[in-house]
Amino acid sequence: MTKVNTPTTSKLDTIARQQAIENALSTALYFIRLPSTESGLKAATGRAIRATAMLKQACAEQAIGSAS
């Protein structure tokens with residue numbers, strides 16, 4: 001995983017990150033659609049938090065890249 005404050009220079013890194021974000025969101029939706037269970041809700045929350053963290057990281061890297 002790319003670290004925050006490290007500009008992404010590779011197009012493949014950008015595509016891989018997009019795929020990881022989409023996968024995390026898709027998995028969160030999968031768990032939400034399961035019959036209501038505490039473990040399903042926790043799993044969905046974890047995946048959504050993971051996607052949010054990756055989006056935040058991408059935004060930070062974009063801001064650093066734009067400032068350069």
# chains A, B, ... in the order shown; residues from 1 in each chain; ligands from 1
>>> residues_around(residues="Ala43 (chain A)", least_positions_apart="6", cutoff="9 Å", atoms="only C-alpha atoms", output="PDB file with N, CA and C atoms, in the first residue's frame")
ATOM      1  N   THR A  27     -17.704  -5.030  -1.205  1.00  0.00           N
ATOM      2  CA  THR A  27     -17.778  -5.989  -0.119  1.00  0.00           C
ATOM      3  C   THR A  27     -18.631  -5.454   1.035  1.00  0.00           C
ATOM      4  N   ALA A  28     -18.517  -4.153   1.320  1.00  0.00           N
ATOM      5  CA  ALA A  28     -19.351  -3.538   2.360  1.00  0.00           C
ATOM      6  C   ALA A  28     -20.827  -3.680   1.995  1.00  0.00           C
ATOM      7  N   PHE A  31     -22.032  -7.267   2.618  1.00  0.00           N
ATOM      8  CA  PHE A  31     -22.311  -7.568   4.025  1.00  0.00           C
ATOM      9  C   PHE A  31     -23.568  -6.867   4.516  1.00  0.00           C
ATOM     10  N   ILE A  32     -23.838  -5.660   4.027  1.00  0.00           N
ATOM     11  CA  ILE A  32     -25.046  -4.934   4.434  1.00  0.00           C
ATOM     12  C   ILE A  32     -26.299  -5.669   3.960  1.00  0.00           C
TER      13      ILE A  32
END
>>> select_by_dssp(residues="chain A", states="alpha helix (DSSP H)", output="PyMOL selection string")
chain A and resi 11-33+38-67
>>> write_last_selection(atoms="N, CA and C atoms", output="short mmCIF file (atom, residue, chain, number, x, y, z; two decimals), in the first residue's frame")
data_model
loop_
_atom_site.label_atom_id
_atom_site.label_comp_id
_atom_site.auth_asym_id
_atom_site.auth_seq_id
_atom_site.Cartn_x
_atom_site.Cartn_y
_atom_site.Cartn_z
N LYS A 11 0.61 5.01 -13.30
CA LYS A 11 -0.79 4.84 -13.67
C LYS A 11 -1.32 3.52 -13.12
N LEU A 12 -0.46 2.50 -13.06
CA LEU A 12 -0.88 1.21 -12.51
C LEU A 12 -1.21 1.31 -11.03
N ASP A 13 -0.48 2.15 -10.29
CA ASP A 13 -0.79 2.36 -8.87
C ASP A 13 -2.17 2.98 -8.73
N THR A 14 -2.48 3.93 -9.59
CA THR A 14 -3.79 4.59 -9.55
C THR A 14 -4.91 3.61 -9.85
N ILE A 15 -4.73 2.78 -10.85
CA ILE A 15 -5.73 1.78 -11.21
C ILE A 15 -5.89 0.75 -10.11
N ALA A 16 -4.78 0.30 -9.54
CA ALA A 16 -4.83 -0.67 -8.45
C ALA A 16 -5.56 -0.09 -7.24
N ARG A 17 -5.31 1.19 -6.94
CA ARG A 17 -5.98 1.81 -5.81
C ARG A 17 -7.48 1.91 -6.08
N GLN A 18 -7.85 2.29 -7.30
CA GLN A 18 -9.27 2.38 -7.65
C GLN A 18 -9.94 1.02 -7.49
N GLN A 19 -9.28 -0.02 -7.95
CA GLN A 19 -9.84 -1.37 -7.82
C GLN A 19 -10.00 -1.76 -6.36
N ALA A 20 -9.03 -1.42 -5.53
CA ALA A 20 -9.10 -1.75 -4.11
C ALA A 20 -10.24 -1.01 -3.42
N ILE A 21 -10.44 0.26 -3.79
CA ILE A 21 -11.53 1.05 -3.21
C ILE A 21 -12.87 0.47 -3.64
N GLU A 22 -13.02 0.19 -4.92
CA GLU A 22 -14.27 -0.38 -5.42
C GLU A 22 -14.55 -1.74 -4.78
N ASN A 23 -13.52 -2.55 -4.59
CA ASN A 23 -13.68 -3.85 -3.97
C ASN A 23 -14.15 -3.70 -2.51
N ALA A 24 -13.54 -2.77 -1.78
CA ALA A 24 -13.93 -2.56 -0.39
C ALA A 24 -15.39 -2.09 -0.30
N LEU A 25 -15.79 -1.19 -1.18
CA LEU A 25 -17.17 -0.71 -1.17
C LEU A 25 -18.14 -1.81 -1.57
N SER A 26 -17.77 -2.59 -2.56
CA SER A 26 -18.62 -3.69 -3.00
C SER A 26 -18.80 -4.73 -1.90
N THR A 27 -17.70 -5.03 -1.20
CA THR A 27 -17.78 -5.99 -0.12
C THR A 27 -18.63 -5.45 1.04
N ALA A 28 -18.52 -4.15 1.32
CA ALA A 28 -19.35 -3.54 2.36
C ALA A 28 -20.83 -3.68 2.00
N LEU A 29 -21.17 -3.43 0.74
CA LEU A 29 -22.56 -3.58 0.31
C LEU A 29 -23.02 -5.02 0.42
N TYR A 30 -22.15 -5.96 0.11
CA TYR A 30 -22.49 -7.37 0.23
C TYR A 30 -22.88 -7.70 1.67
N PHE A 31 -22.03 -7.27 2.62
CA PHE A 31 -22.31 -7.57 4.03
C PHE A 31 -23.57 -6.87 4.52
N ILE A 32 -23.84 -5.66 4.03
CA ILE A 32 -25.05 -4.93 4.43
C ILE A 32 -26.30 -5.67 3.96
N ARG A 33 -26.23 -6.30 2.80
CA ARG A 33 -27.40 -6.98 2.23
C ARG A 33 -27.68 -8.33 2.88
N GLU A 38 -25.00 -8.91 13.75
CA GLU A 38 -23.99 -7.99 14.27
C GLU A 38 -22.65 -8.16 13.55
N SER A 39 -22.29 -9.39 13.25
CA SER A 39 -21.01 -9.63 12.57
C SER A 39 -21.02 -9.08 11.15
N GLY A 40 -22.16 -9.17 10.46
CA GLY A 40 -22.26 -8.61 9.11
C GLY A 40 -22.14 -7.10 9.12
N LEU A 41 -22.77 -6.47 10.10
CA LEU A 41 -22.69 -5.02 10.22
C LEU A 41 -21.27 -4.57 10.55
N LYS A 42 -20.61 -5.31 11.43
CA LYS A 42 -19.22 -4.98 11.76
C LYS A 42 -18.32 -5.15 10.54
N ALA A 43 -18.53 -6.20 9.78
CA ALA A 43 -17.72 -6.43 8.59
C ALA A 43 -17.96 -5.33 7.56
N ALA A 44 -19.21 -4.94 7.37
CA ALA A 44 -19.55 -3.87 6.42
C ALA A 44 -18.92 -2.55 6.87
N THR A 45 -18.99 -2.29 8.15
CA THR A 45 -18.40 -1.05 8.68
C THR A 45 -16.89 -1.03 8.46
N GLY A 46 -16.25 -2.16 8.71
CA GLY A 46 -14.80 -2.25 8.50
C GLY A 46 -14.41 -2.00 7.05
N ARG A 47 -15.16 -2.58 6.12
CA ARG A 47 -14.86 -2.37 4.70
C ARG A 47 -15.10 -0.94 4.27
N ALA A 48 -16.15 -0.33 4.79
CA ALA A 48 -16.45 1.07 4.46
C ALA A 48 -15.37 1.99 5.02
N ILE A 49 -14.89 1.69 6.22
CA ILE A 49 -13.82 2.48 6.81
C ILE A 49 -12.54 2.33 6.00
N ARG A 50 -12.28 1.12 5.54
CA ARG A 50 -11.10 0.87 4.70
C ARG A 50 -11.18 1.69 3.40
N ALA A 51 -12.34 1.68 2.76
CA ALA A 51 -12.52 2.45 1.53
C ALA A 51 -12.34 3.94 1.80
N THR A 52 -12.87 4.41 2.92
CA THR A 52 -12.74 5.82 3.28
C THR A 52 -11.27 6.19 3.49
N ALA A 53 -10.53 5.33 4.15
CA ALA A 53 -9.11 5.59 4.38
C ALA A 53 -8.34 5.67 3.06
N MET A 54 -8.65 4.76 2.14
CA MET A 54 -7.97 4.78 0.84
C MET A 54 -8.34 6.02 0.05
N LEU A 55 -9.62 6.45 0.12
CA LEU A 55 -10.03 7.67 -0.57
C LEU A 55 -9.33 8.89 0.04
N LYS A 56 -9.23 8.94 1.34
CA LYS A 56 -8.55 10.04 2.02
C LYS A 56 -7.09 10.10 1.60
N GLN A 57 -6.46 8.94 1.53
CA GLN A 57 -5.07 8.87 1.12
C GLN A 57 -4.91 9.35 -0.32
N ALA A 58 -5.80 8.94 -1.20
CA ALA A 58 -5.74 9.37 -2.59
C ALA A 58 -5.89 10.88 -2.71
N CYS A 59 -6.80 11.45 -1.93
CA CYS A 59 -7.00 12.90 -1.94
C CYS A 59 -5.75 13.63 -1.45
N ALA A 60 -5.13 13.11 -0.40
CA ALA A 60 -3.91 13.73 0.13
C ALA A 60 -2.79 13.68 -0.90
N GLU A 61 -2.65 12.57 -1.57
CA GLU A 61 -1.61 12.45 -2.59
C GLU A 61 -1.89 13.36 -3.78
N GLN A 62 -3.15 13.50 -4.14
CA GLN A 62 -3.52 14.39 -5.24
C GLN A 62 -3.19 15.83 -4.88
N ALA A 63 -3.48 16.23 -3.64
CA ALA A 63 -3.19 17.59 -3.20
C ALA A 63 -1.69 17.86 -3.20
N ILE A 64 -0.90 16.89 -2.79
CA ILE A 64 0.55 17.04 -2.79
C ILE A 64 1.06 17.14 -4.23
N GLY A 65 0.51 16.30 -5.10
CA GLY A 65 0.92 16.33 -6.51
C GLY A 65 0.55 17.63 -7.20
N SER A 66 -0.59 18.22 -6.83
CA SER A 66 -1.04 19.48 -7.42
C SER A 66 -0.21 20.64 -6.93
N ALA A 67 0.29 20.55 -5.70
CA ALA A 67 1.08 21.65 -5.12
C ALA A 67 2.49 21.69 -5.71
#
